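Participant: Sharing a structure, written as structure tokens. Questions coming.
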Amino acid sequence: MLDADFFRRWMTVTAASVEREAERLTALDSPIGDADHGSNLQRGFTAVTAALEKEAPDTPGGVLTLAGRQLVSTVGGASGPLYGTLLRRTGKALGDAAEVSPEQLTEALRAGVDAVMTLGGAAPGDATMIDALVPAVDALGTSFAAGRAAAEEGAVATTPLQARKGRASYVGERSIGHQDPGATSSALLVAALAEAAGE
């Protein structure tokens with residue numbers, strides 16, 4: 001079973017991972033976006049870890065809801081609302097339980113991903129974070145490690161696609177050949193989940 005400590009660890013590992021990869025995320029964003037994806041997420045997850053240190057929710061849902069709120073209020077561009085929606089909706093789906101099973105987390109994440117698709121209007125194949133998140137959630141039923149592998153494959157698979165949603169869609173065919181930064185950062189989030197679980 002996964003408790004609030006596990007979810008705090010997931011957010012802390014994510015923050016460290018975003019910090020480490022911020023320059024790469026910004027480099028991916030540079031030719032097709034505003035060249036700020038890495039720095040925006042870094043600011044957001046730094047705020048998340050600070051908030052969790054100050055106020056430690058005692059339920060998994062509480063941890064994710066707080067993290068989502070922080071991302072919405074500190075991250076500029078589309079990333080804040082999208083990541084904020086993902087975590088808040090997942091947290092809400094987990095409810096007030098003190099512990100949740102990996103299966104419950106997978107179903108809650110599915111609700112979170114659905115909420116992101118509704119908010120952003122993106123579907124698999126549009127070269128967005130959805131291309132990493134949907135296969136990850138589908139694979140999480142097997143293991144966290146399988147989810148990580150699926151998310152990484154999904155992120156890489158955005159490279160030959162033309163972006164149809166998000167900031168990258170503005171450059172049209174020039175988005176082809178560029179790995180989507182949102183899919184890449186989503187893969188980091190899933191990899192951090194596997195790392196937090198020791199997989």
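Each chain in the structure tokens gets a letter, A, B, ..., in the order shown, and its residues are numbered from 1; ligands are numbered from 1 in order too.
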Excluding region 96-98 of chain A and any residue of its chain fewer than 5 positions from it, enumerate the residues within 8 Å of it, using only C-alpha atoms, and give them as a ChimeraX atom specification.

Facilitator: /A:3-4,58-62

Participant: Just C-alpha atoms for this one: save the residues we selected as an mmCIF file, in the first residue's frame.

Facilitator:
data_model
loop_
_atom_site.group_PDB
_atom_site.id
_atom_site.type_symbol
_atom_site.label_atom_id
_atom_site.label_comp_id
_atom_site.auth_asym_id
_atom_site.auth_seq_id
_atom_site.Cartn_x
_atom_site.Cartn_y
_atom_site.Cartn_z
ATOM 1 C CA ASP A 3 0.854 6.213 1.999
ATOM 2 C CA ALA A 4 1.327 10.003 2.107
ATOM 3 C CA ASP A 58 -1.476 13.092 5.744
ATOM 4 C CA THR A 59 -3.239 11.455 2.785
ATOM 5 C CA PRO A 60 -2.004 10.573 -0.723
ATOM 6 C CA GLY A 61 -4.847 12.603 -2.229
ATOM 7 C CA GLY A 62 -3.953 15.592 -0.049
#

Participant: Which residues are near region 48-53 of chain A? Cut-off 6 Å, only C-alpha atoms, ignore same chain within fewer than 3 positions. Put them as a PDB file with C-alpha atoms, in the first residue's frame.

Facilitator:
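Output contents, as saved in result36.pdb:
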ATOM      1  CA  PHE A  45       8.340  21.748  -8.476  1.00  0.00           C
ATOM      2  CA  ALA A  56       2.518  17.920   5.169  1.00  0.00           C
ATOM      3  CA  ALA A  67       1.160  19.806  -5.378  1.00  0.00           C
ATOM      4  CA  GLN A  70       1.208  24.925  -6.291  1.00  0.00           C
TER       5      GLN A  70
END

Participant: Going by DSSP on the backbone, which residues of chain A come out as alpha helix (DSSP H)? List them as a PyMOL selection string.

Facilitator: chain A and resi 4-29+37-54+60-74+79-94+102-120+130-140+144-156+181-196

Participant: Would you please work out which residue, of A:Ala155, A:Arg164, A:Leu109, A:Gly147, is nearest to Ala122 (chain A) when using only C-alpha atoms?

Facilitator: A:Arg164

Participant: Quick one: pull the distance between CA of Gly44 (chain A) and CA of Val75 (chain A), Å, one decimal.

Facilitator: 5.2 Å

Participant: Of the candidates A:Val137, A:Leu2, A:Ala127, A:Val63, which shows the shortest atom-to-atom distance to Ala183 (chain A), using only C-alpha atoms?

Facilitator: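 Ranked by minimum distance to Ala183 (chain A), first place goes to A:Ala127.
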